[in-house]
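S.K.: Starting off with a structure, shown below.
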Amino acid sequence: MAITLRALLALDELDLRPLNDHSAANDTAITWGAVTELLNPADFLTGREIVLTTGVRQKTTASQREFVKTLAQNDVVALGFGTGLGHKNVPASILQTANEVGLPVFEVPYQIPFAAITRIIAEALNADHLQRLERLLRSHQRLTRALLSSDLDTMLDELARILKTDVALTLYGECISGNYDAQRDWNSLPVATGIRDKCVLHLAQPYAPDPLIEYAQSLIGLEVANNARLLASERQSNGQVLADLAAGTLAGDDATVRIGALGLNPKREHAVILIQAATHPERLPALPLPAELSSQVSVIIEDRLAIIVAHNQLQHSVRRLDTYLNDAGITTRVGYGGRYPNTPGIRWSYFEALEALRHGDRVNVPNKLSLTSLLLAARDVPLQDLAEEALGPIRKFDATHDSDLERTLREYLNRDGSVGAVAESLGLHRNTVRYRMQQISELTGYDPNVTSDRVQLWIALSALELG
């Protein structure tokens, strides 16, 4: 470590001679040796150094007293006064003022160059720096070894031991490692991962600042980003199983095997939760889940995040998930299906969750499956193309004339063809509603007053909403 004043004065080869009481500063580490002949060196002092001078410019008692006071005001450890050049002895005014302000003074004999003193201080500082670098390198190796040989939790445990404080890691506000208590005093540091995931490293106060922390932040960032890529890849792969189940191309023993490979017990009851993002959909593939859902199987299917839940706390999990997504800054709709046993049950729950999403709320409660929802879920029917063909003319008309034909049609169908209810909902005159319905009939070729045509338009609107 850096040399202390006691150690410096004890070096026989320097023959430094203490001239007053220096016991209060004995164990103070010296940061540097500043050589100066300025009358006022304040601008060049940083604190905790010793000042070496011959006093050649300090000709008056007043200048000598002011010089000593300046050193004391700038947190100088001690004054080394070189004799035999400007002064045969250390001036009495120097010592008197030093005693008044509590500044240690020692005499530097003429034959001892100041460079010899600064060299010893520099060597001590260099040795201290090398020691800290070696300690930092060993700590780097310990963290890296912990991460490579085990996981992120092990590495953070090692970091906690090195820093001698508790460490926790949160992702999107969820604690993913350690024991994060928001009531404690933490120093929270952002972790860069290359993705917008609000990863934060928390260090419990108090702790000693350490350059190792920056290295730990880098390691954590790389590991979190790597885990995110692995999670996204796994969910894409798992999604194919659910897609095959939904399409009806996976059944029987094959379904049992592939479901089992995901870690699911085909004989248990399962429910499917579906998340559809209105903002930041790119985050869904790698989005970590709240603690109570982190052990459940999750998949990506048709740009939605699906969670296949095996426990019976379904509604609580859905509410928790909605809060979590909102706190993460992702605007979503969450729909879920009922709990059903066996492999076909997962398929039915998925269809119910898909149907629930059509309600358009933040959290959507499932209803009984309808023939319409099953038709919309079919993969071998070109519903999107048919819907675009049916509704394309009124969409084009709306875009060209800034009208609301599509919205009016949706309200008309949702309100069971009641012109009065549509007029009240949209703030229109009833004749305006009737005129718009006539326009829709002329543009699409489908009459909303005819049951078969109304079904066609309803399915087309629903297909475009899901698309």
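We label chains A, B, ... in the order they appear in the structure tokens, count residues from 1 in each chain, and number ligands from 1 in the order shown.
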Pick out the residues sitting within 12 Å of Asp322 of chain A, and hand them over as an MDAnalysis selection string; count only C-alpha atoms, and ignore anything fewer than 5 positions along from it in its own chain.

M.R.: chainID A and resid 273:277 289:290 315:317 327:336 361:364

S.K.: For Pro344 of chain A, please output as a ChimeraX atom specification all residues within 8 Å (counting only C-alpha atoms; exclusion window: fewer than 4 positions along the same chain).

M.R.: /A:245,251,348

S.K.: Save out the residues we just selected, N, CA, C and O atoms, as a PDB file, in the first residue's frame.

M.R.:
ATOM      1  N   LEU A 245     -50.432 -28.897 -32.677  1.00  0.00           N
ATOM      2  CA  LEU A 245     -51.620 -29.297 -31.920  1.00  0.00           C
ATOM      3  C   LEU A 245     -52.844 -28.526 -32.396  1.00  0.00           C
ATOM      4  O   LEU A 245     -53.915 -29.095 -32.627  1.00  0.00           O
ATOM      5  N   ALA A 251     -51.434 -35.619 -32.823  1.00  0.00           N
ATOM      6  CA  ALA A 251     -52.418 -36.255 -31.954  1.00  0.00           C
ATOM      7  C   ALA A 251     -51.889 -37.613 -31.510  1.00  0.00           C
ATOM      8  O   ALA A 251     -50.836 -38.085 -31.964  1.00  0.00           O
ATOM      9  N   TRP A 348     -57.799 -27.244 -26.880  1.00  0.00           N
ATOM     10  CA  TRP A 348     -59.046 -26.521 -26.635  1.00  0.00           C
ATOM     11  C   TRP A 348     -58.795 -25.249 -25.842  1.00  0.00           C
ATOM     12  O   TRP A 348     -59.411 -24.211 -26.108  1.00  0.00           O
TER      13      TRP A 348
END

S.K.: One decimal, Å: what's the distance from atom CA of Asp244 of chain A over to atom CA of Asn312 of chain A, could you say?

M.R.: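 That distance, rounded to one decimal, is 25.1 Å.
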
S.K.: Could you list, as a list in words, every residue within 7 Å of Pro366 of chain A, counting only C-alpha atoms and ignoring same-chain residues fewer than 4 positions away?

M.R.: Tyr336, Gly337, Glu352, Ala353 and Ala356 of chain A

S.K.: Could those selected residues go to a file with all heavy atoms, as a PDB file, in the first residue's frame?

M.R.:
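Dumped everything to selection.pdb:
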ATOM      1  N   TYR A 336     -56.950 -15.943 -21.918  1.00  0.00           N
ATOM      2  CA  TYR A 336     -56.636 -17.289 -21.410  1.00  0.00           C
ATOM      3  C   TYR A 336     -57.814 -18.219 -21.599  1.00  0.00           C
ATOM      4  O   TYR A 336     -58.964 -17.788 -21.723  1.00  0.00           O
ATOM      5  CB  TYR A 336     -56.208 -17.243 -19.943  1.00  0.00           C
ATOM      6  CG  TYR A 336     -57.261 -16.752 -18.976  1.00  0.00           C
ATOM      7  CD1 TYR A 336     -58.042 -17.650 -18.245  1.00  0.00           C
ATOM      8  CD2 TYR A 336     -57.466 -15.387 -18.780  1.00  0.00           C
ATOM      9  CE1 TYR A 336     -58.990 -17.191 -17.346  1.00  0.00           C
ATOM     10  CE2 TYR A 336     -58.416 -14.920 -17.885  1.00  0.00           C
ATOM     11  CZ  TYR A 336     -59.186 -15.832 -17.174  1.00  0.00           C
ATOM     12  OH  TYR A 336     -60.129 -15.385 -16.293  1.00  0.00           O
ATOM     13  N   GLY A 337     -57.494 -19.518 -21.650  1.00  0.00           N
ATOM     14  CA  GLY A 337     -58.515 -20.537 -21.816  1.00  0.00           C
ATOM     15  C   GLY A 337     -58.732 -21.301 -20.534  1.00  0.00           C
ATOM     16  O   GLY A 337     -58.054 -21.069 -19.521  1.00  0.00           O
ATOM     17  N   GLU A 352     -59.684 -21.340 -26.882  1.00  0.00           N
ATOM     18  CA  GLU A 352     -60.447 -20.445 -26.013  1.00  0.00           C
ATOM     19  C   GLU A 352     -59.674 -19.155 -25.736  1.00  0.00           C
ATOM     20  O   GLU A 352     -60.249 -18.065 -25.710  1.00  0.00           O
ATOM     21  CB  GLU A 352     -60.787 -21.154 -24.699  1.00  0.00           C
ATOM     22  CG  GLU A 352     -61.881 -22.185 -24.827  1.00  0.00           C
ATOM     23  CD  GLU A 352     -62.340 -22.734 -23.497  1.00  0.00           C
ATOM     24  OE1 GLU A 352     -61.723 -22.364 -22.460  1.00  0.00           O
ATOM     25  OE2 GLU A 352     -63.292 -23.523 -23.458  1.00  0.00           O
ATOM     26  N   ALA A 353     -58.366 -19.287 -25.513  1.00  0.00           N
ATOM     27  CA  ALA A 353     -57.539 -18.102 -25.280  1.00  0.00           C
ATOM     28  C   ALA A 353     -57.516 -17.211 -26.519  1.00  0.00           C
ATOM     29  O   ALA A 353     -57.576 -15.977 -26.420  1.00  0.00           O
ATOM     30  CB  ALA A 353     -56.125 -18.522 -24.892  1.00  0.00           C
ATOM     31  N   ALA A 356     -60.734 -15.445 -26.685  1.00  0.00           N
ATOM     32  CA  ALA A 356     -60.824 -14.412 -25.654  1.00  0.00           C
ATOM     33  C   ALA A 356     -60.111 -13.133 -26.094  1.00  0.00           C
ATOM     34  O   ALA A 356     -60.562 -12.031 -25.788  1.00  0.00           O
ATOM     35  CB  ALA A 356     -60.229 -14.926 -24.345  1.00  0.00           C
TER      36      ALA A 356
END

S.K.: Quick one: which segment 431-463 of chain A residues come within 10 Å of segment 399-406 of chain A, and what is the nearest atom pair for each with the distance in Å to one decimal, counting only C-alpha atoms, rows ordered by chain and ascending number, as a tab-separated table?

M.R.:
residue	atom	partner	partner_atom	distance
A:Val433	CA	A:Leu405	CA	9.3
A:Arg436	CA	A:Leu405	CA	6.4
A:Met437	CA	A:Leu405	CA	7.8
A:Gln439	CA	A:Leu405	CA	8.0
A:Ile440	CA	A:Leu405	CA	6.8
A:Leu461	CA	A:Glu406	CA	8.7

S.K.: Residues of the last selection are to be written out with C-alpha atoms, as a PDB file, in the first residue's frame.

M.R.:
ATOM      1  CA  VAL A 433     -76.423   5.104 -40.253  1.00  0.00           C
ATOM      2  CA  ARG A 436     -73.774   4.183 -44.558  1.00  0.00           C
ATOM      3  CA  MET A 437     -75.183   0.650 -44.430  1.00  0.00           C
ATOM      4  CA  GLN A 439     -72.995   2.290 -49.062  1.00  0.00           C
ATOM      5  CA  ILE A 440     -71.449  -0.812 -47.449  1.00  0.00           C
ATOM      6  CA  LEU A 461     -64.044  -8.404 -39.632  1.00  0.00           C
TER       7      LEU A 461
END

S.K.: Give me, as a list of chain:residue names, all polymer residues having an atom no more than 8 Å from segment 92-95 of chain A, counting only C-alpha atoms and skipping those fewer than 4 positions away in the same chain.

M.R.: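 Final neighbour list, sorted by chain and number: A:Leu19, A:Asn20, A:Thr61, A:Gln64, A:Arg65, A:Val68, A:Asn99, A:Val105.
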
S.K.: Run DSSP on the backbone and give me the residues of segment 113-171 of chain A it puts in helix (DSSP H, G or I), as a ChimeraX atom specification.

M.R.: /A:114-149,152-163

S.K.: Run DSSP on the backbone and tell me which residues of segment 223-400 of chain A come out as strand (DSSP E or B); list them as a ChimeraX atom specification.

M.R.: /A:269-277,297-301,304-309,332-336,340-341,363-364

S.K.: Between atom CA of Thr53 of chain A and atom CA of Gly33 of chain A, what is the spacing in Å?

M.R.: 10.4 Å

S.K.: Find the spatial neighbours of segment 228-235 of chain A, counting only C-alpha atoms, within a cut-off of 12 Å - ignore same-chain residues fewer than 3 positions away - and output them as a PyMOL selection string.

M.R.: chain A and resi 171+193-197+199+221-225+238-243+262+282-289+294+296-308

S.K.: Quick one: residues within 8 Å of Leu169 of chain A, only C-alpha atoms, excluding same-chain residues fewer than 2 positions away - as a ChimeraX atom specification?

M.R.: /A:167,171,175-178,180,199-202

S.K.: Generate a file of the selected residues that holds N, CA, C and O atoms, formatted as a PDB file, in the first residue's frame.

M.R.:
ATOM      1  N   VAL A 167     -26.074  -8.906  -2.960  1.00  0.00           N
ATOM      2  CA  VAL A 167     -26.184  -8.544  -4.373  1.00  0.00           C
ATOM      3  C   VAL A 167     -27.466  -9.144  -4.928  1.00  0.00           C
ATOM      4  O   VAL A 167     -27.825 -10.275  -4.598  1.00  0.00           O
ATOM      5  N   LEU A 171     -34.774  -7.907 -13.608  1.00  0.00           N
ATOM      6  CA  LEU A 171     -34.995  -7.806 -15.047  1.00  0.00           C
ATOM      7  C   LEU A 171     -36.458  -7.450 -15.251  1.00  0.00           C
ATOM      8  O   LEU A 171     -37.346  -8.179 -14.790  1.00  0.00           O
ATOM      9  N   CYS A 175     -37.098  -9.801  -9.731  1.00  0.00           N
ATOM     10  CA  CYS A 175     -35.824 -10.275  -9.190  1.00  0.00           C
ATOM     11  C   CYS A 175     -35.520 -11.653  -9.787  1.00  0.00           C
ATOM     12  O   CYS A 175     -36.295 -12.600  -9.608  1.00  0.00           O
ATOM     13  N   ILE A 176     -34.404 -11.752 -10.515  1.00  0.00           N
ATOM     14  CA  ILE A 176     -34.038 -13.025 -11.129  1.00  0.00           C
ATOM     15  C   ILE A 176     -32.847 -13.670 -10.443  1.00  0.00           C
ATOM     16  O   ILE A 176     -32.481 -14.793 -10.765  1.00  0.00           O
ATOM     17  N   SER A 177     -32.246 -12.956  -9.484  1.00  0.00           N
ATOM     18  CA  SER A 177     -31.145 -13.544  -8.721  1.00  0.00           C
ATOM     19  C   SER A 177     -30.975 -12.745  -7.434  1.00  0.00           C
ATOM     20  O   SER A 177     -31.119 -11.531  -7.417  1.00  0.00           O
ATOM     21  N   GLY A 178     -30.651 -13.456  -6.354  1.00  0.00           N
ATOM     22  CA  GLY A 178     -30.480 -12.796  -5.078  1.00  0.00           C
ATOM     23  C   GLY A 178     -31.812 -12.552  -4.395  1.00  0.00           C
ATOM     24  O   GLY A 178     -32.869 -13.019  -4.829  1.00  0.00           O
ATOM     25  N   TYR A 180     -33.898  -9.459  -3.430  1.00  0.00           N
ATOM     26  CA  TYR A 180     -34.058  -8.011  -3.542  1.00  0.00           C
ATOM     27  C   TYR A 180     -35.230  -7.545  -2.700  1.00  0.00           C
ATOM     28  O   TYR A 180     -36.377  -7.910  -2.945  1.00  0.00           O
ATOM     29  N   CYS A 199     -32.377  -4.198 -17.199  1.00  0.00           N
ATOM     30  CA  CYS A 199     -31.629  -5.062 -16.291  1.00  0.00           C
ATOM     31  C   CYS A 199     -30.852  -4.181 -15.315  1.00  0.00           C
ATOM     32  O   CYS A 199     -30.154  -3.256 -15.720  1.00  0.00           O
ATOM     33  N   VAL A 200     -30.977  -4.481 -14.015  1.00  0.00           N
ATOM     34  CA  VAL A 200     -30.365  -3.637 -12.990  1.00  0.00           C
ATOM     35  C   VAL A 200     -29.645  -4.506 -11.969  1.00  0.00           C
ATOM     36  O   VAL A 200     -30.198  -5.511 -11.488  1.00  0.00           O
ATOM     37  N   LEU A 201     -28.415  -4.120 -11.652  1.00  0.00           N
ATOM     38  CA  LEU A 201     -27.632  -4.769 -10.604  1.00  0.00           C
ATOM     39  C   LEU A 201     -27.784  -3.949  -9.329  1.00  0.00           C
ATOM     40  O   LEU A 201     -27.541  -2.750  -9.324  1.00  0.00           O
ATOM     41  N   HIS A 202     -28.160  -4.615  -8.230  1.00  0.00           N
ATOM     42  CA  HIS A 202     -28.375  -3.932  -6.958  1.00  0.00           C
ATOM     43  C   HIS A 202     -27.317  -4.377  -5.959  1.00  0.00           C
ATOM     44  O   HIS A 202     -27.124  -5.582  -5.744  1.00  0.00           O
TER      45      HIS A 202
END

S.K.: Quick one: pull the distance between atom CA of Arg454 of chain A and atom CA of Ala247 of chain A, Å, one decimal.

M.R.: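 Taking atom CA of Arg454 of chain A as the start and atom CA of Ala247 of chain A as the end point, the length is 27.0 Å.
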
S.K.: Counting only C-alpha atoms, figure out which residue out of A:Ala255, A:Leu457, A:Ala42, A:Leu14 gets nearest to Val76 of chain A.

M.R.: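 For Val76 of chain A, the nearest of the given residues is A:Ala42.
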
S.K.: Can you tell me, as a VMD selection string, what residues are no more than 9 Å from Trp186 of chain A when counting only C-alpha atoms, ignoring any on the same chain fewer than 5 positions away?

M.R.: chain A and resid 181 202 to 206

S.K.: Between A:Ser23, A:Ser452, A:Gln96, A:Thr118, which residue has the minimum interatomic distance to Val35 of chain A, considering only C-alpha atoms?

M.R.: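 Once distances to Val35 of chain A are computed over only C-alpha atoms, the minimum belongs to A:Thr118.
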